[in-house]
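Below is one structure, written out as structure tokens; comments come after it.
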Amino acid sequence: MIVSFKKLVFLPLCLALVRGQSIEEDILYETFPENFHWGAATSAYQVEGAWDVDGKGVSIWDTYTHDVGHGHVFQDQNGDIASDSYHKYKEDVQLAKDMGLTNYRFSIAWTRILPQGIGEKNQAGIDYYNNLIDELLANGIKPTVTLYHWDLPQALEDLGGWLSPEIADWFEEYARVCYQEFGDRVKFWITLNEPQVSAINGYEQGINAPGILDPGISPYIAGHHQIRAHARAYRLYYDEFADQKGQVGITLNIHHAQHLTESPEDVEAVERWNDFFMGWFAHPILVNGNYPQVMIDRIALRSSEQGFLQSRLPQFTSEEMEMIANTADFIGINYYTTEIIFNQIYNASDVSYNADIGVGTTKDPTWYTTGSKWFRVEPTGIRNMMNTIRRKYGDYPIYITENGMSDHLGNLDDLTRIYYYKHYINQLLKAIRWDGVNVRGYYAWCFLDNFEWGAGHSQRFGLHYVDFNDTERPRTPKASSKYLTQLYHQNGFVQNDEDPCLNMEI
Ligand code: PNW
């Protein structure tokens, strides 16, 4: 990366100028629309544990975490037991009920249902999810189900995993089993969680399973086949399961981008960053079955300059484009933070995703930190981002399928987390009430302290504390869970004696 002298001088100056944007705004005291989803989210590998119990097959995260001594995960920790939700799901549902959740988001471990990824089904795994779904419904909570939250069957990884075109067939087969077994009760399906992170962390940087470090090449292939797989699962639902009358969408991750300066280069850099980050998946799926033009053009140009015989970005056939376009009933968004973006010139020989985008990113040092290096607290971004999504993709129903913050210790008096939720959710309310953005639901991440991927247990996102030193994995509600209980119950912000932040017992 080339950092110019100008950037070195101007960066701190401009950062000083954008300071102050994160100062909290006045709270809007108003409620959310009716029938809003008020939820909390988890994912299978992060909370279930029971990694080899009752016929479950091995996933790429089992393999990756058991490959110790390479620094894959903080202190070589793993999700073998995690929060033990496999055994404690009834207690979890009780806690969810105590919070008044309308919806609970969880993911299905592909390897519990189909231990080898395709072929023979595992009834014990199917029973587990039937029990969880029935327990939720018996307690008045609707299941919101993610088919894939990063735990690919190892047997399929051995056949090429997300780099193999055949994975669209494998994923369709898995989706069919899930619709068949659970679709009578599950009406809200998310095909993939954050394909951008799967591709970049798993294949560009090698910091998530399967740990492949192949910048600028494999991530685009993994992304390509995730898009094809998503579309196949969506089409399958409407071809064979439409009578179940549910909805199928996808969850994308995106950070709001502020331009560092008002220069046309930086303003354009923000647009490019959005197109490479969210547009990579949103444009094919929501617009026209193909990648954003800026991705197609830039990757093709850089590839040819680098001596590749064809673009590093794979191409869809025209049949595939037709199959992929318009394959989401809603957009799920996992939202955490804001980035400050500036135009950045990389060496022509740099084969990488960041060089293809051609931007640099930074954060305002005045934004409060969290337990995770990659994000800081900046509440106005969520409102801005909702507006960006509408501007780029129209009036799609949006669900915030994750939002939350981490700390290291898991204090029960987690006042910083309350601050985060209060201001982010209020900005979301402004996006709905003031800007008219079509947001239909909100899921806090995470329902429980859990296994935070490469950070292991060193970063806690939970609304409920989990003691990982106790084999029983006891749960204790944190103050933030009580705060959200009240906010969810009020369906928003009410300026009276019950204002959650004024009158809360901790
Ligand atoms: C999401 N980033 O991951 C995942 O969906 C969750 O499983 C995870 O626990 C949660 O966010 C908190 O990390 C992300 O670097 C991981 O931008 C990294 C990034 C974004 C999302």
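Chains: A, B, ... in order of the structure tokens. Residues: from 1 per chain. Ligands: from 1, in order shown.
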> Mind checking DSSP for region 190-391 of chain A and telling me the helix (DSSP H, G or I) residues as a ChimeraX atom specification?
Replying inline: /A:195-204,218-240,242-244,264-288,293-305,318-324,353-357,380-391
So which bits of region 140-272 of chain A end up strand (DSSP E or B) when you DSSP the backbone, as an mmCIF file with all heavy atoms, in the first residue's frame?
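Ended up saving to result_29.cif:
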```
data_model
loop_
_atom_site.group_PDB
_atom_site.id
_atom_site.type_symbol
_atom_site.label_atom_id
_atom_site.label_comp_id
_atom_site.auth_asym_id
_atom_site.auth_seq_id
_atom_site.Cartn_x
_atom_site.Cartn_y
_atom_site.Cartn_z
ATOM 1 N N LYS A 142 -41.389 -16.919 17.695
ATOM 2 C CA LYS A 142 -41.267 -17.456 16.327
ATOM 3 C C LYS A 142 -39.808 -17.733 15.989
ATOM 4 O O LYS A 142 -38.935 -16.911 16.274
ATOM 5 C CB LYS A 142 -41.823 -16.449 15.322
ATOM 6 C CG LYS A 142 -43.320 -16.232 15.455
ATOM 7 C CD LYS A 142 -43.852 -15.519 14.212
ATOM 8 C CE LYS A 142 -45.322 -15.191 14.343
ATOM 9 N NZ LYS A 142 -45.566 -13.981 15.151
ATOM 10 N N PRO A 143 -39.546 -18.873 15.346
ATOM 11 C CA PRO A 143 -38.169 -19.172 14.938
ATOM 12 C C PRO A 143 -37.778 -18.434 13.663
ATOM 13 O O PRO A 143 -38.538 -18.411 12.699
ATOM 14 C CB PRO A 143 -38.184 -20.685 14.689
ATOM 15 C CG PRO A 143 -39.612 -21.036 14.439
ATOM 16 C CD PRO A 143 -40.479 -19.980 15.057
ATOM 17 N N THR A 144 -36.613 -17.820 13.672
ATOM 18 C CA THR A 144 -36.008 -17.203 12.486
ATOM 19 C C THR A 144 -34.753 -18.019 12.225
ATOM 20 O O THR A 144 -33.844 -18.050 13.065
ATOM 21 C CB THR A 144 -35.663 -15.728 12.785
ATOM 22 O OG1 THR A 144 -36.888 -15.011 12.912
ATOM 23 C CG2 THR A 144 -34.813 -15.107 11.701
ATOM 24 N N VAL A 145 -34.710 -18.713 11.100
ATOM 25 C CA VAL A 145 -33.691 -19.752 10.948
ATOM 26 C C VAL A 145 -32.696 -19.435 9.827
ATOM 27 O O VAL A 145 -33.093 -19.174 8.691
ATOM 28 C CB VAL A 145 -34.346 -21.128 10.703
ATOM 29 C CG1 VAL A 145 -33.280 -22.202 10.508
ATOM 30 C CG2 VAL A 145 -35.238 -21.499 11.888
ATOM 31 N N THR A 146 -31.417 -19.464 10.187
ATOM 32 C CA THR A 146 -30.343 -19.324 9.208
ATOM 33 C C THR A 146 -29.909 -20.722 8.782
ATOM 34 O O THR A 146 -29.609 -21.563 9.637
ATOM 35 C CB THR A 146 -29.133 -18.606 9.834
ATOM 36 O OG1 THR A 146 -29.579 -17.454 10.539
ATOM 37 C CG2 THR A 146 -28.112 -18.208 8.782
ATOM 38 N N LEU A 147 -29.847 -20.965 7.485
ATOM 39 C CA LEU A 147 -29.413 -22.289 7.029
ATOM 40 C C LEU A 147 -27.901 -22.452 7.174
ATOM 41 O O LEU A 147 -27.423 -23.538 7.510
ATOM 42 C CB LEU A 147 -29.792 -22.488 5.555
ATOM 43 C CG LEU A 147 -31.283 -22.677 5.266
ATOM 44 C CD1 LEU A 147 -31.520 -22.707 3.757
ATOM 45 C CD2 LEU A 147 -31.786 -23.981 5.901
ATOM 46 N N TYR A 148 -27.166 -21.368 6.906
ATOM 47 C CA TYR A 148 -25.708 -21.523 6.910
ATOM 48 C C TYR A 148 -25.034 -20.364 7.626
ATOM 49 O O TYR A 148 -25.053 -19.237 7.142
ATOM 50 C CB TYR A 148 -25.179 -21.612 5.466
ATOM 51 C CG TYR A 148 -23.684 -21.823 5.436
ATOM 52 C CD1 TYR A 148 -23.139 -23.070 5.771
ATOM 53 C CD2 TYR A 148 -22.810 -20.784 5.134
ATOM 54 C CE1 TYR A 148 -21.766 -23.263 5.786
ATOM 55 C CE2 TYR A 148 -21.433 -20.972 5.148
ATOM 56 C CZ TYR A 148 -20.921 -22.211 5.483
ATOM 57 O OH TYR A 148 -19.566 -22.410 5.511
ATOM 58 N N PRO A 153 -19.913 -28.633 6.327
ATOM 59 C CA PRO A 153 -19.457 -30.006 6.579
ATOM 60 C C PRO A 153 -18.041 -30.228 6.022
ATOM 61 O O PRO A 153 -17.760 -29.868 4.868
ATOM 62 C CB PRO A 153 -20.484 -30.862 5.829
ATOM 63 C CG PRO A 153 -21.725 -30.021 5.795
ATOM 64 C CD PRO A 153 -21.233 -28.602 5.659
ATOM 65 N N PHE A 188 -39.612 -18.108 8.373
ATOM 66 C CA PHE A 188 -38.666 -17.022 8.099
ATOM 67 C C PHE A 188 -37.278 -17.640 7.957
ATOM 68 O O PHE A 188 -36.674 -18.066 8.946
ATOM 69 C CB PHE A 188 -38.713 -16.025 9.258
ATOM 70 C CG PHE A 188 -38.272 -14.643 8.875
ATOM 71 C CD1 PHE A 188 -39.159 -13.757 8.274
ATOM 72 C CD2 PHE A 188 -36.972 -14.229 9.107
ATOM 73 C CE1 PHE A 188 -38.753 -12.480 7.921
ATOM 74 C CE2 PHE A 188 -36.560 -12.955 8.750
ATOM 75 C CZ PHE A 188 -37.455 -12.078 8.156
ATOM 76 N N TRP A 189 -36.815 -17.717 6.711
ATOM 77 C CA TRP A 189 -35.555 -18.400 6.410
ATOM 78 C C TRP A 189 -34.508 -17.410 5.916
ATOM 79 O O TRP A 189 -34.784 -16.593 5.036
ATOM 80 C CB TRP A 189 -35.754 -19.433 5.296
ATOM 81 C CG TRP A 189 -36.652 -20.573 5.636
ATOM 82 C CD1 TRP A 189 -37.966 -20.718 5.299
ATOM 83 C CD2 TRP A 189 -36.283 -21.764 6.357
ATOM 84 N NE1 TRP A 189 -38.452 -21.925 5.770
ATOM 85 C CE2 TRP A 189 -37.442 -22.580 6.416
ATOM 86 C CE3 TRP A 189 -35.102 -22.223 6.944
ATOM 87 C CZ2 TRP A 189 -37.448 -23.822 7.049
ATOM 88 C CZ3 TRP A 189 -35.108 -23.461 7.573
ATOM 89 C CH2 TRP A 189 -36.268 -24.237 7.624
ATOM 90 N N ILE A 190 -33.303 -17.538 6.464
ATOM 91 C CA ILE A 190 -32.139 -16.796 5.975
ATOM 92 C C ILE A 190 -31.205 -17.837 5.371
ATOM 93 O O ILE A 190 -30.801 -18.776 6.075
ATOM 94 C CB ILE A 190 -31.448 -16.051 7.135
ATOM 95 C CG1 ILE A 190 -32.383 -14.972 7.700
ATOM 96 C CG2 ILE A 190 -30.115 -15.458 6.676
ATOM 97 C CD1 ILE A 190 -31.961 -14.443 9.054
ATOM 98 N N THR A 191 -30.890 -17.704 4.093
ATOM 99 C CA THR A 191 -30.063 -18.749 3.461
ATOM 100 C C THR A 191 -28.634 -18.721 4.012
ATOM 101 O O THR A 191 -28.161 -19.692 4.593
ATOM 102 C CB THR A 191 -30.009 -18.553 1.933
ATOM 103 O OG1 THR A 191 -29.568 -17.207 1.681
ATOM 104 C CG2 THR A 191 -31.351 -18.806 1.291
ATOM 105 N N LEU A 192 -27.955 -17.568 3.831
ATOM 106 C CA LEU A 192 -26.540 -17.475 4.217
ATOM 107 C C LEU A 192 -26.341 -16.310 5.168
ATOM 108 O O LEU A 192 -26.949 -15.249 4.998
ATOM 109 C CB LEU A 192 -25.648 -17.221 2.995
ATOM 110 C CG LEU A 192 -25.731 -18.197 1.824
ATOM 111 C CD1 LEU A 192 -24.843 -17.702 0.687
ATOM 112 C CD2 LEU A 192 -25.286 -19.599 2.258
ATOM 113 N N ASN A 193 -25.465 -16.490 6.135
ATOM 114 C CA ASN A 193 -25.059 -15.389 6.995
ATOM 115 C C ASN A 193 -23.757 -14.786 6.475
ATOM 116 O O ASN A 193 -22.738 -15.481 6.379
ATOM 117 C CB ASN A 193 -24.829 -15.890 8.428
ATOM 118 C CG ASN A 193 -24.380 -14.764 9.349
ATOM 119 O OD1 ASN A 193 -25.163 -13.875 9.686
ATOM 120 N ND2 ASN A 193 -23.111 -14.776 9.743
ATOM 121 N N GLN A 247 -41.102 -16.833 4.131
ATOM 122 C CA GLN A 247 -40.264 -15.884 3.397
ATOM 123 C C GLN A 247 -38.828 -16.371 3.421
ATOM 124 O O GLN A 247 -38.403 -16.987 4.407
ATOM 125 C CB GLN A 247 -40.289 -14.523 4.074
ATOM 126 C CG GLN A 247 -41.631 -13.853 4.083
ATOM 127 C CD GLN A 247 -41.502 -12.481 4.711
ATOM 128 O OE1 GLN A 247 -40.702 -11.665 4.268
ATOM 129 N NE2 GLN A 247 -42.260 -12.249 5.758
ATOM 130 N N VAL A 248 -38.106 -16.047 2.353
ATOM 131 C CA VAL A 248 -36.702 -16.445 2.268
ATOM 132 C C VAL A 248 -35.861 -15.216 1.892
ATOM 133 O O VAL A 248 -36.189 -14.503 0.940
ATOM 134 C CB VAL A 248 -36.484 -17.543 1.194
ATOM 135 C CG1 VAL A 248 -35.024 -18.005 1.185
ATOM 136 C CG2 VAL A 248 -37.419 -18.729 1.429
ATOM 137 N N GLY A 249 -34.815 -14.988 2.641
ATOM 138 C CA GLY A 249 -33.924 -13.863 2.339
ATOM 139 C C GLY A 249 -32.486 -14.239 2.646
ATOM 140 O O GLY A 249 -32.150 -15.414 2.831
ATOM 141 N N ILE A 250 -31.643 -13.226 2.698
ATOM 142 C CA ILE A 250 -30.213 -13.446 2.960
ATOM 143 C C ILE A 250 -29.740 -12.360 3.919
ATOM 144 O O ILE A 250 -30.292 -11.262 3.928
ATOM 145 C CB ILE A 250 -29.405 -13.425 1.644
ATOM 146 C CG1 ILE A 250 -27.943 -13.815 1.873
ATOM 147 C CG2 ILE A 250 -29.495 -12.053 0.944
ATOM 148 C CD1 ILE A 250 -27.173 -14.138 0.592
ATOM 149 N N THR A 251 -28.743 -12.673 4.719
ATOM 150 C CA THR A 251 -28.185 -11.680 5.649
ATOM 151 C C THR A 251 -26.812 -11.225 5.169
ATOM 152 O O THR A 251 -25.905 -12.046 4.974
ATOM 153 C CB THR A 251 -28.116 -12.263 7.078
ATOM 154 O OG1 THR A 251 -29.417 -12.128 7.677
ATOM 155 C CG2 THR A 251 -27.141 -11.495 7.936
ATOM 156 N N LEU A 252 -26.684 -9.907 4.976
ATOM 157 C CA LEU A 252 -25.411 -9.312 4.557
ATOM 158 C C LEU A 252 -24.863 -8.447 5.686
ATOM 159 O O LEU A 252 -25.630 -7.905 6.479
ATOM 160 C CB LEU A 252 -25.625 -8.453 3.311
ATOM 161 C CG LEU A 252 -26.311 -9.141 2.130
ATOM 162 C CD1 LEU A 252 -26.501 -8.153 0.979
ATOM 163 C CD2 LEU A 252 -25.510 -10.349 1.654
ATOM 164 N N ASN A 253 -23.549 -8.316 5.725
ATOM 165 C CA ASN A 253 -22.919 -7.436 6.716
ATOM 166 C C ASN A 253 -22.455 -6.182 6.009
ATOM 167 O O ASN A 253 -21.987 -6.237 4.865
ATOM 168 C CB ASN A 253 -21.729 -8.130 7.372
ATOM 169 C CG ASN A 253 -20.730 -8.605 6.348
ATOM 170 O OD1 ASN A 253 -21.043 -9.451 5.516
ATOM 171 N ND2 ASN A 253 -19.520 -8.064 6.384
ATOM 172 N N HIS A 256 -21.438 1.293 7.818
ATOM 173 C CA HIS A 256 -21.696 2.585 7.170
ATOM 174 C C HIS A 256 -20.352 3.247 6.857
ATOM 175 O O HIS A 256 -19.423 3.212 7.667
ATOM 176 C CB HIS A 256 -22.527 3.490 8.073
ATOM 177 C CG HIS A 256 -22.593 4.881 7.566
ATOM 178 N ND1 HIS A 256 -23.149 5.190 6.337
ATOM 179 C CD2 HIS A 256 -22.137 6.045 8.078
ATOM 180 C CE1 HIS A 256 -23.034 6.484 6.133
ATOM 181 N NE2 HIS A 256 -22.428 7.030 7.165
ATOM 182 N N ALA A 257 -20.244 3.867 5.687
ATOM 183 C CA ALA A 257 -18.992 4.512 5.287
ATOM 184 C C ALA A 257 -19.178 6.026 5.218
ATOM 185 O O ALA A 257 -20.073 6.504 4.525
ATOM 186 C CB ALA A 257 -18.560 3.973 3.926
ATOM 187 N N GLN A 258 -18.327 6.744 5.939
ATOM 188 C CA GLN A 258 -18.273 8.220 5.819
ATOM 189 C C GLN A 258 -17.044 8.556 4.996
ATOM 190 O O GLN A 258 -15.991 7.951 5.193
ATOM 191 C CB GLN A 258 -18.047 8.862 7.187
ATOM 192 C CG GLN A 258 -19.194 8.792 8.148
ATOM 193 C CD GLN A 258 -18.831 9.448 9.486
ATOM 194 O OE1 GLN A 258 -17.726 9.937 9.699
ATOM 195 N NE2 GLN A 258 -19.785 9.425 10.397
ATOM 196 N N HIS A 259 -17.163 9.546 4.094
ATOM 197 C CA HIS A 259 -15.947 9.909 3.358
ATOM 198 C C HIS A 259 -15.095 10.825 4.221
ATOM 199 O O HIS A 259 -15.586 11.692 4.942
ATOM 200 C CB HIS A 259 -16.233 10.525 2.002
ATOM 201 C CG HIS A 259 -17.458 11.374 1.940
ATOM 202 N ND1 HIS A 259 -17.467 12.691 2.284
ATOM 203 C CD2 HIS A 259 -18.718 11.049 1.587
ATOM 204 C CE1 HIS A 259 -18.688 13.171 2.132
ATOM 205 N NE2 HIS A 259 -19.468 12.201 1.722
#
```
> Taking only C-alpha atoms and all ligand atoms into account, which of A:Met321, A:Ala300, A:Val47, A:Ile432 comes nearest ligand 1?
Replying inline: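 Looking only at the distances to ligand 1, the closest residue turns out to be A:Val47.
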Name all residues at most 12 Å from Arg391 (chain A) (count only C-alpha atoms; drop same-chain ones fewer than 4 positions away) and give them as a compact mmCIF listing (two decimals) with N, CA, C and O atoms, in the first residue's frame.
```txt
# COMPACT_ATOMS: atom_id res chain seq x y z
N GLU A 271 -18.69 5.15 -2.42
CA GLU A 271 -19.62 4.44 -3.30
C GLU A 271 -19.03 3.10 -3.74
O GLU A 271 -19.69 2.07 -3.75
N ASN A 274 -19.01 0.60 -0.86
CA ASN A 274 -20.34 0.00 -0.70
C ASN A 274 -20.58 -1.06 -1.76
O ASN A 274 -21.14 -2.12 -1.48
N ASN A 384 -27.96 6.19 8.74
CA ASN A 384 -27.42 6.52 7.42
C ASN A 384 -27.39 5.31 6.50
O ASN A 384 -27.69 5.39 5.32
N MET A 385 -27.01 4.18 7.08
CA MET A 385 -26.89 2.96 6.28
C MET A 385 -28.25 2.51 5.76
O MET A 385 -28.37 2.06 4.60
N MET A 386 -29.27 2.62 6.59
CA MET A 386 -30.62 2.24 6.14
C MET A 386 -31.02 3.09 4.94
O MET A 386 -31.62 2.60 3.98
N ASN A 387 -30.66 4.35 4.98
CA ASN A 387 -30.99 5.24 3.87
C ASN A 387 -30.18 4.89 2.62
O ASN A 387 -30.69 4.95 1.50
N ASP A 395 -37.18 -0.16 -1.96
CA ASP A 395 -37.89 -0.20 -0.69
C ASP A 395 -38.03 -1.62 -0.13
O ASP A 395 -39.07 -1.98 0.41
N TYR A 396 -37.00 -2.42 -0.28
CA TYR A 396 -37.04 -3.79 0.26
C TYR A 396 -37.31 -3.78 1.76
O TYR A 396 -36.76 -2.94 2.48
N ASP A 435 -37.34 9.07 8.24
CA ASP A 435 -36.92 8.89 6.84
C ASP A 435 -37.84 7.94 6.09
O ASP A 435 -37.73 7.81 4.87
N GLY A 436 -38.68 7.21 6.80
CA GLY A 436 -39.62 6.29 6.14
C GLY A 436 -38.98 5.04 5.58
O GLY A 436 -39.51 4.42 4.65
N VAL A 437 -37.84 4.62 6.14
CA VAL A 437 -37.20 3.40 5.65
C VAL A 437 -37.99 2.18 6.16
O VAL A 437 -38.48 2.17 7.29
N ASN A 438 -38.07 1.17 5.31
CA ASN A 438 -38.93 0.01 5.56
C ASN A 438 -38.22 -1.06 6.42
O ASN A 438 -37.90 -2.13 5.95
```
>> Report, in Å with one decimal, the straight-line distance from CA of Glu135 (chain A) to CA of Arg105 (chain A).
In response: 13.6 Å
> Could you work out how far CA of Lys187 (chain A) lies from CA of Lys97 (chain A), giving the answer in Å with one decimal?
Replying inline: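 Those two atoms sit 19.2 Å apart.
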For Thr65 (chain A): contacts at 10 Å, only C-alpha atoms, fewer than 4 positions along chain excluded, given as an mmCIF file with C-alpha atoms, in the first residue's frame:
```
data_model
loop_
_atom_site.group_PDB
_atom_site.id
_atom_site.type_symbol
_atom_site.label_atom_id
_atom_site.label_comp_id
_atom_site.auth_asym_id
_atom_site.auth_seq_id
_atom_site.Cartn_x
_atom_site.Cartn_y
_atom_site.Cartn_z
ATOM 1 C CA ILE A 60 -14.764 -26.982 9.004
ATOM 2 C CA TRP A 61 -14.866 -25.112 12.317
ATOM 3 C CA GLY A 69 -0.558 -24.500 17.657
ATOM 4 C CA HIS A 70 -1.018 -22.153 14.699
ATOM 5 C CA GLY A 71 -2.727 -19.286 16.471
ATOM 6 C CA HIS A 72 -6.029 -19.863 14.664
ATOM 7 C CA VAL A 73 -8.022 -19.120 17.815
ATOM 8 C CA PHE A 74 -7.254 -17.182 20.982
ATOM 9 C CA ASP A 76 -6.410 -22.490 21.058
ATOM 10 C CA GLN A 77 -9.952 -22.458 22.399
ATOM 11 C CA ASN A 78 -12.748 -24.225 20.510
ATOM 12 C CA GLY A 79 -16.523 -24.582 20.321
ATOM 13 C CA ASP A 80 -16.647 -28.224 21.451
ATOM 14 C CA ASN A 208 -11.677 -18.075 9.701
ATOM 15 C CA ALA A 209 -12.248 -21.681 8.643
ATOM 16 C CA PRO A 210 -11.239 -23.124 6.249
ATOM 17 C CA TRP A 453 -14.699 -17.377 16.262
ATOM 18 C CA GLY A 454 -10.968 -16.527 16.208
ATOM 19 C CA GLY A 456 -12.674 -17.501 21.275
#
```
>> Set the distance at 7 Å and use only C-alpha atoms: which residues neighbour Thr102 (chain A) once local chain neighbours fewer than 2 positions away are removed? I'd like the list as a list in words.
In response: His37, Trp38, Gly39, Gly100, Ile141 and Lys142 of chain A
Restricting it to C-alpha atoms, dump the selection as a PDB file, in the first residue's frame.
```pdb
ATOM      1  CA  HIS A  37     -39.735  -8.424  15.181  1.00  0.00           C
ATOM      2  CA  TRP A  38     -38.039  -7.933  18.534  1.00  0.00           C
ATOM      3  CA  GLY A  39     -35.459 -10.663  18.625  1.00  0.00           C
ATOM      4  CA  GLY A 100     -40.408 -11.030  25.748  1.00  0.00           C
ATOM      5  CA  ILE A 141     -41.651 -17.145  20.106  1.00  0.00           C
ATOM      6  CA  LYS A 142     -41.267 -17.456  16.327  1.00  0.00           C
TER       7      LYS A 142
END
```
Leaving out region 358-371 of chain A and any residue of its chain fewer than 4 positions from it, which residues lie within 7 Å of it when counting only C-alpha atoms, given as an mmCIF file with N, CA, C and O atoms, in the first residue's frame?
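Below is the file that was written, out-v2.cif:
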```cif
data_model
loop_
_atom_site.group_PDB
_atom_site.id
_atom_site.type_symbol
_atom_site.label_atom_id
_atom_site.label_comp_id
_atom_site.auth_asym_id
_atom_site.auth_seq_id
_atom_site.Cartn_x
_atom_site.Cartn_y
_atom_site.Cartn_z
ATOM 1 N N LEU A 15 -9.497 13.880 10.413
ATOM 2 C CA LEU A 15 -10.130 13.149 11.508
ATOM 3 C C LEU A 15 -10.581 14.113 12.584
ATOM 4 O O LEU A 15 -11.664 13.982 13.147
ATOM 5 N N ARG A 19 -14.591 14.816 13.843
ATOM 6 C CA ARG A 19 -14.897 14.627 15.253
ATOM 7 C C ARG A 19 -16.199 15.325 15.612
ATOM 8 O O ARG A 19 -16.528 16.367 15.077
ATOM 9 N N SER A 22 -20.036 11.840 16.376
ATOM 10 C CA SER A 22 -20.517 10.705 17.153
ATOM 11 C C SER A 22 -21.170 11.138 18.457
ATOM 12 O O SER A 22 -21.639 10.312 19.213
ATOM 13 N N ALA A 269 -14.937 6.974 -3.504
ATOM 14 C CA ALA A 269 -14.379 5.818 -2.796
ATOM 15 C C ALA A 269 -15.433 5.166 -1.897
ATOM 16 O O ALA A 269 -15.500 3.941 -1.771
ATOM 17 N N GLU A 339 -17.160 3.200 9.248
ATOM 18 C CA GLU A 339 -15.763 3.363 8.837
ATOM 19 C C GLU A 339 -15.603 4.719 8.184
ATOM 20 O O GLU A 339 -16.536 5.209 7.537
ATOM 21 N N ILE A 340 -14.422 5.297 8.293
ATOM 22 C CA ILE A 340 -14.104 6.506 7.528
ATOM 23 C C ILE A 340 -13.255 6.059 6.340
ATOM 24 O O ILE A 340 -12.255 5.349 6.511
ATOM 25 N N ILE A 341 -13.693 6.455 5.162
ATOM 26 C CA ILE A 341 -13.145 5.899 3.915
ATOM 27 C C ILE A 341 -12.453 6.992 3.111
ATOM 28 O O ILE A 341 -12.962 8.105 3.018
ATOM 29 N N PHE A 342 -11.310 6.646 2.531
ATOM 30 C CA PHE A 342 -10.654 7.579 1.614
ATOM 31 C C PHE A 342 -10.096 6.817 0.410
ATOM 32 O O PHE A 342 -9.837 5.612 0.494
ATOM 33 N N ASN A 343 -9.974 7.526 -0.678
ATOM 34 C CA ASN A 343 -9.410 6.933 -1.888
ATOM 35 C C ASN A 343 -7.951 6.549 -1.628
ATOM 36 O O ASN A 343 -7.198 7.314 -1.024
ATOM 37 N N GLN A 344 -7.560 5.367 -2.067
ATOM 38 C CA GLN A 344 -6.197 4.903 -1.785
ATOM 39 C C GLN A 344 -5.645 4.225 -3.039
ATOM 40 O O GLN A 344 -6.307 3.336 -3.604
ATOM 41 N N ILE A 345 -4.451 4.623 -3.448
ATOM 42 C CA ILE A 345 -3.860 3.999 -4.637
ATOM 43 C C ILE A 345 -2.939 2.860 -4.194
ATOM 44 O O ILE A 345 -2.046 3.074 -3.369
ATOM 45 N N TYR A 346 -3.189 1.690 -4.715
ATOM 46 C CA TYR A 346 -2.363 0.519 -4.392
ATOM 47 C C TYR A 346 -1.447 0.220 -5.577
ATOM 48 O O TYR A 346 -1.742 0.610 -6.710
ATOM 49 N N ASN A 354 -8.617 -5.632 -1.141
ATOM 50 C CA ASN A 354 -8.493 -4.216 -0.789
ATOM 51 C C ASN A 354 -7.895 -3.403 -1.930
ATOM 52 O O ASN A 354 -8.314 -2.271 -2.179
ATOM 53 N N PHE A 375 -14.244 -2.864 15.635
ATOM 54 C CA PHE A 375 -15.324 -1.878 15.619
ATOM 55 C C PHE A 375 -15.415 -1.007 16.843
ATOM 56 O O PHE A 375 -15.069 -1.396 17.942
ATOM 57 N N ARG A 376 -15.899 0.215 16.582
ATOM 58 C CA ARG A 376 -16.129 1.227 17.604
ATOM 59 C C ARG A 376 -17.595 1.628 17.579
ATOM 60 O O ARG A 376 -18.337 1.253 16.669
ATOM 61 N N VAL A 377 -17.985 2.425 18.573
ATOM 62 C CA VAL A 377 -19.393 2.792 18.736
ATOM 63 C C VAL A 377 -19.675 4.088 17.967
ATOM 64 O O VAL A 377 -19.073 5.117 18.259
ATOM 65 N N GLU A 378 -20.568 4.008 16.996
ATOM 66 C CA GLU A 378 -20.943 5.205 16.219
ATOM 67 C C GLU A 378 -22.406 5.059 15.818
ATOM 68 O O GLU A 378 -22.724 4.497 14.766
ATOM 69 N N MET A 405 -22.687 -5.269 20.836
ATOM 70 C CA MET A 405 -21.265 -4.955 21.059
ATOM 71 C C MET A 405 -20.614 -5.895 22.064
ATOM 72 O O MET A 405 -21.273 -6.546 22.868
ATOM 73 N N SER A 406 -19.288 -5.925 21.973
ATOM 74 C CA SER A 406 -18.517 -6.864 22.788
ATOM 75 C C SER A 406 -17.799 -6.144 23.916
ATOM 76 O O SER A 406 -17.511 -4.953 23.841
ATOM 77 N N ASP A 407 -17.517 -6.915 24.982
ATOM 78 C CA ASP A 407 -16.553 -6.472 25.990
ATOM 79 C C ASP A 407 -15.684 -7.688 26.314
ATOM 80 O O ASP A 407 -15.858 -8.761 25.721
ATOM 81 N N HIS A 408 -14.753 -7.513 27.225
ATOM 82 C CA HIS A 408 -13.855 -8.633 27.525
ATOM 83 C C HIS A 408 -14.302 -9.449 28.731
ATOM 84 O O HIS A 408 -14.102 -10.649 28.791
ATOM 85 N N GLN A 459 -13.871 -12.302 23.719
ATOM 86 C CA GLN A 459 -14.800 -11.212 23.422
ATOM 87 C C GLN A 459 -16.215 -11.707 23.696
ATOM 88 O O GLN A 459 -16.632 -12.729 23.161
#
```
